[in-house]
Structure formats: structure tokens, C-alpha cells
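Chemist: Here you go, this is work_35.txt (compact mmCIF, C-alpha atoms).
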```txt
# COMPACT_ATOMS: atom_id res chain seq x y z
CA MET E 1 -30.88 -14.69 49.64
CA ILE E 2 -31.43 -11.51 47.63
CA ALA E 3 -33.12 -11.84 44.26
CA ILE E 4 -32.28 -9.16 41.71
CA ASP E 5 -34.77 -8.36 38.99
CA VAL E 6 -32.48 -7.57 36.07
CA LEU E 7 -35.08 -5.49 34.24
CA LYS E 8 -35.57 -3.20 37.27
CA TRP E 9 -31.93 -3.01 38.28
CA PRO E 10 -30.56 0.55 37.89
CA GLY E 11 -27.77 -0.69 35.65
CA VAL E 12 -30.22 -1.47 32.84
CA ASN E 13 -31.37 1.50 30.80
CA GLN E 14 -33.50 0.58 27.83
CA ALA E 15 -32.86 3.80 25.88
CA PHE E 16 -29.07 3.45 26.18
CA ILE E 17 -29.06 -0.24 25.27
CA VAL E 18 -31.36 0.27 22.26
CA SER E 19 -29.29 3.22 21.00
CA LEU E 20 -26.05 1.22 21.44
CA VAL E 21 -27.40 -1.81 19.59
CA ALA E 22 -28.92 0.40 16.87
CA ALA E 23 -25.66 2.34 16.41
CA LEU E 24 -23.63 -0.86 16.09
CA GLY E 25 -26.18 -2.56 13.86
CA LEU E 26 -26.68 0.37 11.50
CA SER E 27 -22.94 1.01 11.29
CA LEU E 28 -22.11 -2.59 10.45
CA ALA E 29 -25.03 -2.90 8.00
CA VAL E 30 -22.84 -1.06 5.50
CA ILE E 31 -20.64 -4.14 5.01
CA PRO E 32 -23.30 -6.51 3.57
CA TYR E 33 -24.63 -3.70 1.37
CA GLY E 34 -21.14 -2.93 0.08
CA LYS E 35 -20.51 -6.60 -0.73
CA ARG E 36 -23.82 -6.87 -2.59
CA ARG E 37 -23.38 -3.78 -4.77
CA PRO E 38 -22.04 -4.60 -8.27
CA GLN E 39 -18.60 -3.30 -9.13
CA GLY E 40 -18.52 -0.35 -11.53
CA LYS E 41 -22.21 0.54 -11.16
CA SER E 42 -22.58 4.31 -11.01
CA VAL E 43 -24.49 5.90 -8.16
CA THR E 44 -27.74 7.63 -9.04
CA TRP E 45 -28.82 10.93 -7.52
CA GLY E 46 -31.49 9.22 -5.41
CA GLU E 47 -29.06 6.59 -4.11
CA ALA E 48 -26.60 9.32 -3.16
CA MET E 49 -29.30 11.22 -1.26
CA ILE E 50 -30.47 8.10 0.57
CA GLY E 51 -26.88 7.11 1.37
CA SER E 52 -25.99 10.55 2.70
CA THR E 53 -29.17 10.68 4.80
CA TYR E 54 -28.36 7.21 6.15
CA ALA E 55 -24.80 8.24 6.99
CA PHE E 56 -26.02 11.42 8.69
CA GLY E 57 -28.55 9.44 10.72
CA VAL E 58 -25.95 6.90 11.85
CA LEU E 59 -23.48 9.64 12.81
CA PHE E 60 -26.21 11.57 14.67
CA LEU E 61 -27.19 8.42 16.54
CA THR E 62 -23.58 7.53 17.29
CA TYR E 63 -22.22 10.91 18.36
CA GLY E 64 -25.39 12.64 19.55
CA ILE E 65 -28.00 10.30 20.95
CA LEU E 66 -25.80 7.49 22.32
CA PRO E 67 -23.56 9.71 24.52
CA HIS E 68 -26.62 11.66 25.69
CA GLN E 69 -28.35 8.45 26.74
CA TRP E 70 -25.26 7.32 28.66
CA ILE E 71 -24.96 10.68 30.46
CA ASP E 72 -28.69 10.65 31.24
CA HIS E 73 -28.45 7.06 32.54
CA ALA E 74 -25.37 7.78 34.67
CA ASP E 75 -26.92 10.91 36.17
CA LYS E 76 -30.46 9.72 36.82
CA ASN E 77 -30.28 5.95 37.26
CA LEU E 78 -26.80 5.43 38.67
CA GLY E 79 -26.59 8.73 40.56
CA TRP E 80 -23.10 9.59 39.30
CA SER E 81 -22.66 13.25 40.21
CA LYS E 82 -19.96 15.56 41.58
CA ASP E 83 -21.17 14.79 45.09
CA LYS E 84 -20.48 11.06 44.77
CA LEU E 85 -16.77 10.30 45.23
CA LEU E 86 -15.05 7.44 43.45
CA ILE E 87 -13.65 5.39 46.33
CA GLY E 88 -12.93 2.12 44.51
CA TRP E 89 -13.03 -1.45 45.78
CA GLY E 90 -11.89 -1.62 49.36
CA GLY E 91 -11.31 2.15 49.46
CA PHE E 92 -8.02 2.09 47.52
CA LEU E 93 -8.92 5.34 45.70
CA LYS E 94 -10.09 7.15 48.83
CA PRO E 95 -8.87 10.77 48.73
CA VAL E 96 -6.76 12.37 51.44
CA SER E 97 -9.70 14.60 52.42
CA GLN E 98 -11.68 11.46 53.33
CA GLY E 99 -8.82 9.83 55.24
CA GLY E 100 -7.28 7.87 52.38
CA TRP E 101 -3.91 8.02 50.58
CA ASN E 102 -4.93 9.34 47.12
CA PRO E 103 -4.02 13.03 46.62
CA ILE E 104 -6.61 13.34 43.82
CA THR E 105 -10.31 13.54 44.59
CA LEU E 106 -12.13 11.57 41.91
CA GLN E 107 -15.85 11.95 41.29
CA TYR E 108 -18.14 9.58 39.46
CA GLU E 109 -18.95 12.43 37.08
CA ALA E 110 -15.39 12.18 35.73
CA LEU E 111 -15.84 8.43 35.20
CA ARG E 112 -19.10 9.16 33.37
CA ASP E 113 -17.27 11.56 31.04
CA ILE E 114 -14.45 9.05 30.46
CA VAL E 115 -17.04 6.50 29.31
CA VAL E 116 -18.40 9.11 26.85
CA VAL E 117 -14.90 9.71 25.49
CA LEU E 118 -14.40 5.94 25.10
CA LEU E 119 -17.72 5.64 23.25
CA HIS E 120 -16.62 8.39 20.89
CA ALA E 121 -13.20 6.77 20.36
CA VAL E 122 -14.63 3.31 19.64
CA PHE E 123 -17.18 4.58 17.14
CA PHE E 124 -14.66 6.93 15.54
CA GLY E 125 -12.36 3.95 14.99
CA LEU E 126 -15.29 1.94 13.62
CA ASN E 127 -16.18 4.77 11.23
CA ILE E 128 -12.59 5.00 9.99
CA PHE E 129 -12.48 1.23 9.49
CA LEU E 130 -15.75 1.28 7.55
CA ALA E 131 -14.62 4.19 5.36
CA VAL E 132 -11.35 2.43 4.49
CA TRP E 133 -13.17 -0.85 3.88
CA TRP E 134 -15.69 0.89 1.60
CA GLN E 135 -12.95 2.52 -0.47
CA ASN E 136 -10.96 -0.73 -0.82
CA ARG E 137 -13.83 -3.18 -1.36
CA TYR E 138 -13.19 -3.67 -5.09
CA LYS E 139 -9.40 -3.65 -5.14
CA GLU E 140 -7.76 -6.76 -6.50
CA THR E 141 -5.95 -8.87 -3.96
CA GLN E 142 -3.90 -10.80 -6.53
CA THR E 143 -1.76 -9.26 -9.20
CA ALA E 144 -2.50 -10.44 -12.70
CA LEU E 145 0.16 -12.44 -14.50
CA PRO E 146 1.69 -10.75 -17.53
CA THR E 147 0.16 -11.93 -20.77
CA SER E 148 1.74 -12.75 -24.10
CA THR E 149 0.69 -11.20 -27.39
CA TYR E 150 -1.74 -14.10 -27.78
CA GLY E 151 -3.49 -13.23 -24.49
CA ARG E 152 -2.17 -16.20 -22.53
CA PRO E 153 -0.39 -15.79 -19.20
CA LEU E 154 3.38 -15.94 -19.38
CA VAL E 155 4.89 -18.76 -17.37
CA LYS E 156 8.58 -18.84 -16.59
CA LYS E 157 10.18 -22.12 -17.70
CA ALA E 158 12.32 -23.97 -15.18
```
I'd like the structure from this file rewritten - as C-alpha cells, please.

Modeler:
Amino acid sequence: MIAIDVLKWPGVNQAFIVSLVAALGLSLAVIPYGKRRPQGKSVTWGEAMIGSTYAFGVLFLTYGILPHQWIDHADKNLGWSKDKLLIGWGGFLKPVSQGGWNPITLQYEALRDIVVVLLHAVFFGLNIFLAVWWQNRYKETQTALPTSTYGRPLVKKA
């Protein structure tokens, strides 16, 4: 029986995991803050500076540090380079040059780059969702009933 120490396994990279958790946590921390902020309160200069610095930091972490940590992990820990061919389970992606059927030679470096593109796409979608949520957080969900001249709601008689 082979025992695997999860903390020493090459699939675990502390820098990548911490940056992924931090990027998700800091991005989603906007929602509780937005729910807590009173409606109609104007933003001060200091709050705007802190908010813009926070947004810049989250975007830098998301689009700069996180992909770099994944590329660093894939290159150094997993050994995904141009030299390592993507064969697949049971050799179903084996290229023709290696005696397989696939006319395309796939390297693990391409898979590494696809993961980076997927990270960018997921966080871009999350950023768009958060921006739309932030802009619509105070909009009324119900339409107000028309009122009479006395200020009471008008009710249609049956």
C-alpha cells in the first residue's frame, strides 16, 4: 500500500491555493459591504480612495498574481513543459509521431495556458456579476401602487 502525504504531493502548491482563496474571498467580500452600506449616503473622498485601492488590489491579485502562481506551479511542481506530451488516459490522445492516431501533438504547456485562460474567464465573469450587482443593489423590486390625492394606495374595486 502506498501512502500519499497530501501536503508534500506535487499537486498542492501553497502560494497558488492561498492566492485563489484570497482572490475569491476578497472579490465576494464586496457583497456584504454593499448590503450594509445605507442607501443614498454619499461617498467621501477617503472612502473613494480606499475603495479604488481595494479594487486595484483585487484585480492585481486576480489577473496578475493568481495566473503567475498557476504557471509557476505547473512549470516547477508538475513539470508541464513543451517536452512533456499530453497523451491522455490510456493513450487516446497519443500523436501520430508517437505511434498514436491523433494528428495534433499536444503538450502540457498548452493545457497550462488553457487553465490560465479559464481562470481569467471565471474571474472576469465574477467581476461583471459584482459590478452589475453593485449598480442594482438599491433598485426597487416591487412597483409602488398609484396613490390617490389623499396619499392612500388606489385599489381597483371588483

Chemist: Which one is closest to Val115 (chain E): E:Gln39, E:Ser27, E:Ser52, E:Gln69? Count all atoms listed in the file.

Modeler: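 Under the stated criterion, the closest residue is E:Gln69.
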
Chemist: Enclose region 20-35 of chain E, meaning all of its atoms listed in the file, in a box aligned along x, y and z, pad it by 8 Å on each side, and list the centre and edge lengths in Å to one decimal, as JSON.

Modeler:
```
{"center_x": -24.7, "center_y": -2.1, "center_z": 10.4, "size_x": 24.4, "size_y": 24.9, "size_z": 38.2}
```

Chemist: If you measure from CA of Ile114 (chain E) to CA of Val18 (chain E), what distance in Å do you get, rounded to one decimal?

Modeler: 20.7 Å

Chemist: When distances are computed from only C-alpha atoms, which of E:Ala131, E:Ile65, E:Leu154, E:Leu93 shows the smallest separation from Val116 (chain E)?

Modeler: E:Ile65

Chemist: Just checking: using only C-alpha atoms, which residue out of E:Lys82, E:Val58, E:Phe92, E:Met49 ends up closest to Leu28 (chain E)?

Modeler: E:Val58

Chemist: Please identify all polymer residues lying at most 12 Å from the point (-13.5, -2.5, 0.4) (file coordinates), using all atoms listed in the file, and present the result as a PyMOL selection string.

Modeler: chain E and resi 30-37+39+129-141

Chemist: Quick one: distance from CA of Leu78 (chain E) to CA of Asp113 (chain E) in Å, one decimal?

Modeler: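 Going from CA of Leu78 (chain E) over to CA of Asp113 (chain E), I get 13.7 Å.
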
Chemist: Could you jot down the CA of Arg112 (chain E) to CA of Trp80 (chain E) separation for me, Å, one decimal place?

Modeler: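 The value is 7.2 Å.
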
Chemist: Which residues come within 10 Å of Ile104 (chain E), counting only C-alpha atoms, excluding same-chain residues fewer than 3 positions away, as a list in words?

Modeler: Leu93, Lys94, Pro95, Val96, Ser97, Trp101 and Gln107 of chain E

Chemist: Would you please work out which residue, of E:His68, E:Ala55, E:Gly46, E:Lys41, is nearest to Ala29 (chain E) when using only C-alpha atoms?

Modeler: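 Answer, going by the shortest atom-to-atom distance: E:Ala55.
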
Chemist: Restricting the calculation to only C-alpha atoms, which member of E:Ala74, E:Val155, E:Leu20, E:Leu86 is positioned closest to His120 (chain E)?

Modeler: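 Smallest distance to His120 (chain E) is found for E:Leu20.
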
Chemist: Compare E:Ser148, E:Ala22, E:Lys84, E:Gly125 by their minimum atom-to-atom distance to Gly57 (chain E), counting all atoms listed in the file, and give me the closest one.

Modeler: E:Ala22

Chemist: His73 (chain E): which residues within 10 Å, counting all atoms listed in the file, same-chain residues fewer than 3 positions away excluded, as a list in words?

Modeler: Pro10, Gly11, Val12, Asn13, Gln14, Ala15, Phe16, Pro67, His68, Gln69, Trp70, Lys76, Asn77, Leu78, Gly79, Trp80 and Arg112 of chain E

Chemist: For the residues in that selection, give me C-alpha atoms as a short mmCIF file (atom, residue, chain, number, x, y, z; two decimals), in the frame of the given file.

Modeler:
```
data_model
loop_
_atom_site.label_atom_id
_atom_site.label_comp_id
_atom_site.auth_asym_id
_atom_site.auth_seq_id
_atom_site.Cartn_x
_atom_site.Cartn_y
_atom_site.Cartn_z
CA PRO E 10 -30.56 0.55 37.89
CA GLY E 11 -27.77 -0.69 35.65
CA VAL E 12 -30.22 -1.47 32.84
CA ASN E 13 -31.37 1.50 30.80
CA GLN E 14 -33.50 0.58 27.83
CA ALA E 15 -32.86 3.80 25.88
CA PHE E 16 -29.07 3.45 26.18
CA PRO E 67 -23.56 9.71 24.52
CA HIS E 68 -26.62 11.66 25.69
CA GLN E 69 -28.35 8.45 26.74
CA TRP E 70 -25.26 7.32 28.66
CA LYS E 76 -30.46 9.72 36.82
CA ASN E 77 -30.28 5.95 37.26
CA LEU E 78 -26.80 5.43 38.67
CA GLY E 79 -26.59 8.73 40.56
CA TRP E 80 -23.10 9.59 39.30
CA ARG E 112 -19.10 9.16 33.37
#
```

Chemist: Report as a ChimeraX atom specification all protein, DNA and RNA residues lying within 10 Å of Phe123 (chain E), evaluated on all atoms listed in the file, omitting residues in the same chain fewer than 6 positions from it.

Modeler: /E:23-24,27,59,62-63,129
